[in-house]
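Below is one structure; the comments refer to it alone.
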Amino acid sequence: MAAPIISVFDTDAEVAERLCSFVIEKANAAIAIHGIFTVGLSGGSLVKYLCDGLPGKATDWSKWRIFFCDERYVPYDSTDCTYTPYKKGLVDKVGMSSDNIFPIDPNLSVSECARDYAEKIRHVFPGLGLPRFDMLLLGMGPDGHTCSLFPGHPLLQEREQIIAPITDSPKPPPCRVTMTLPVVNNCRCAVFASCGVAKADMVQRVLEGSGDPPLPAALVRPTDGELHWFLDKGAATNLKQKL
Ligand SMILES: O=C(O)[C@H](O)[C@@H](O)[C@H](O)[C@H](O)COP(=O)(O)O
């Protein structure tokens, strides 16, 4: 389990720029090694960072396989949907085939939707073991949640399913589907991006706190992979370690 690699930049614009360059570097390396780049995206500020920064960069988009670390169980035309802004702002902009992005199916019941999404993932990662994503791009909420894994929620203990439904999310909307910790921690590279002084306390608790009980974001520790945190100065304000 690698220690987190923390990078601090002056502004959130710089975080976005460096993050996008890092994603492309990892994507191109993965494509060179095993032919495709499997990536999980999240909502929040990442949508803007990635949709503004990735188009125009040099990569073979046809080799990307885009999934969601979590998704809100809402129709595609809902403003709460995470898939649609990525479809419009990234997939359509770079001319990637829509076969390369895997949204949840909100027409199914939420538990069927989670099962169906796990199957979609397994199709791209054949075999019985845990899927091993090249990269998971993660945000952290003000309560320390990541994906749709919330503090104190029983889903933090889930060990069987790779994707789980949640119907009592403390943050609306209440119904979502989410990757679980075993699949998150099996990735090759997990990357958080957090900006703004409002995140400073939580960033410090997650990265330096005693962690009892550990916050969901602190439970992201890839077993055999890298962990990166991209922060702006505001979010890094309370870190005690010298960076
Ligand atoms: O599903 C959600 O309700 C949000 O997407 C949420 O999980 C978000 O990713 C974090 O709150 C981080 O948000 P920021 O990236 O804006 O800090």
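Simple scheme: letters A, B, ... for chains in structure tokens order, numbers from 1 for residues in each chain, numbers from 1 for ligands in the order shown.
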- Message: Taking only C-alpha atoms and all ligand atoms into account, which residues have an atom no farther than 7 Å from ligand 1? I'd like them as JSON, numbers by chain.
- Response: {"A": [42, 43, 44, 45, 46, 70, 71, 72, 138, 139, 140, 141, 142, 145, 146, 147, 148, 171, 172, 193, 194, 195]}
- Could you pull out the alpha helix (DSSP H) residues of region 195-239 of chain A from DSSP and send them as a VMD selection string? chain A and resid 200 to 208
Take the selection from the previous step and output its residues with C-alpha atoms, as an mmCIF file, in the first residue's frame.
```cif
data_model
loop_
_atom_site.group_PDB
_atom_site.id
_atom_site.type_symbol
_atom_site.label_atom_id
_atom_site.label_comp_id
_atom_site.auth_asym_id
_atom_site.auth_seq_id
_atom_site.Cartn_x
_atom_site.Cartn_y
_atom_site.Cartn_z
ATOM 1 C CA ALA A 200 -8.836 22.290 4.305
ATOM 2 C CA ASP A 201 -10.019 20.696 7.537
ATOM 3 C CA MET A 202 -11.292 17.522 5.871
ATOM 4 C CA VAL A 203 -8.155 17.187 3.716
ATOM 5 C CA GLN A 204 -6.030 17.402 6.865
ATOM 6 C CA ARG A 205 -8.194 14.827 8.681
ATOM 7 C CA VAL A 206 -8.104 12.401 5.768
ATOM 8 C CA LEU A 207 -4.386 12.725 5.070
ATOM 9 C CA GLU A 208 -3.029 13.247 8.585
#
```
Residues within 9 Å of Pro151 (chain A), only C-alpha atoms, excluding chain neighbours under 4 positions, as a CSV table (one decimal) with C-alpha atoms, in the first residue's frame:
```csv
chain,number,residue,atom,x,y,z
A,143,ASP,CA,-18.2,15.2,5.1
A,144,GLY,CA,-15.2,13.1,3.8
A,145,HIS,CA,-17.4,10.9,1.5
A,156,LEU,CA,-18.2,0.8,3.8
A,213,PRO,CA,-13.2,5.6,12.6
A,214,PRO,CA,-11.5,6.4,9.3
A,215,LEU,CA,-13.4,8.7,6.9
A,216,PRO,CA,-14.5,7.1,3.5
```
- Task: For CA of Asp60 (chain A) and CA of Asn100 (chain A), determine how far apart the two atoms are, in Å to one decimal place.
- Result: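 One can read the CA of Asp60 (chain A) to CA of Asn100 (chain A) distance as 11.8 Å.
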- Using only C-alpha atoms, pick whichever of A:Pro131, A:Gly53, A:Pro4, A:Pro222 has the shortest atom-to-atom distance to Phe67 (chain A).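 Among A:Pro131, A:Gly53, A:Pro4, A:Pro222, it is A:Pro131 that comes nearest to Phe67 (chain A).
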Give me the residues near Val184 (chain A) as a short mmCIF file (atom, residue, chain, number, x, y, z; two decimals) with N, CA and C atoms, in the first residue's frame, where near means some atom within 8 Å (using only C-alpha atoms) and where sequence neighbours in that chain fewer than 5 positions away do not count.
```
data_model
loop_
_atom_site.label_atom_id
_atom_site.label_comp_id
_atom_site.auth_asym_id
_atom_site.auth_seq_id
_atom_site.Cartn_x
_atom_site.Cartn_y
_atom_site.Cartn_z
N LEU A 136 -8.83 5.71 -11.24
CA LEU A 136 -10.12 6.18 -10.71
C LEU A 136 -9.93 7.63 -10.30
N MET A 179 -19.22 2.27 -6.85
CA MET A 179 -18.16 1.28 -6.68
C MET A 179 -17.98 1.08 -5.19
N ALA A 190 -5.33 5.73 -8.00
CA ALA A 190 -6.49 6.50 -7.53
C ALA A 190 -6.05 7.96 -7.39
N VAL A 220 -9.53 4.93 0.99
CA VAL A 220 -9.00 4.69 -0.37
C VAL A 220 -7.49 4.58 -0.26
N PRO A 222 -5.11 2.13 -2.42
CA PRO A 222 -4.92 1.01 -3.35
C PRO A 222 -3.86 0.02 -2.84
#
```
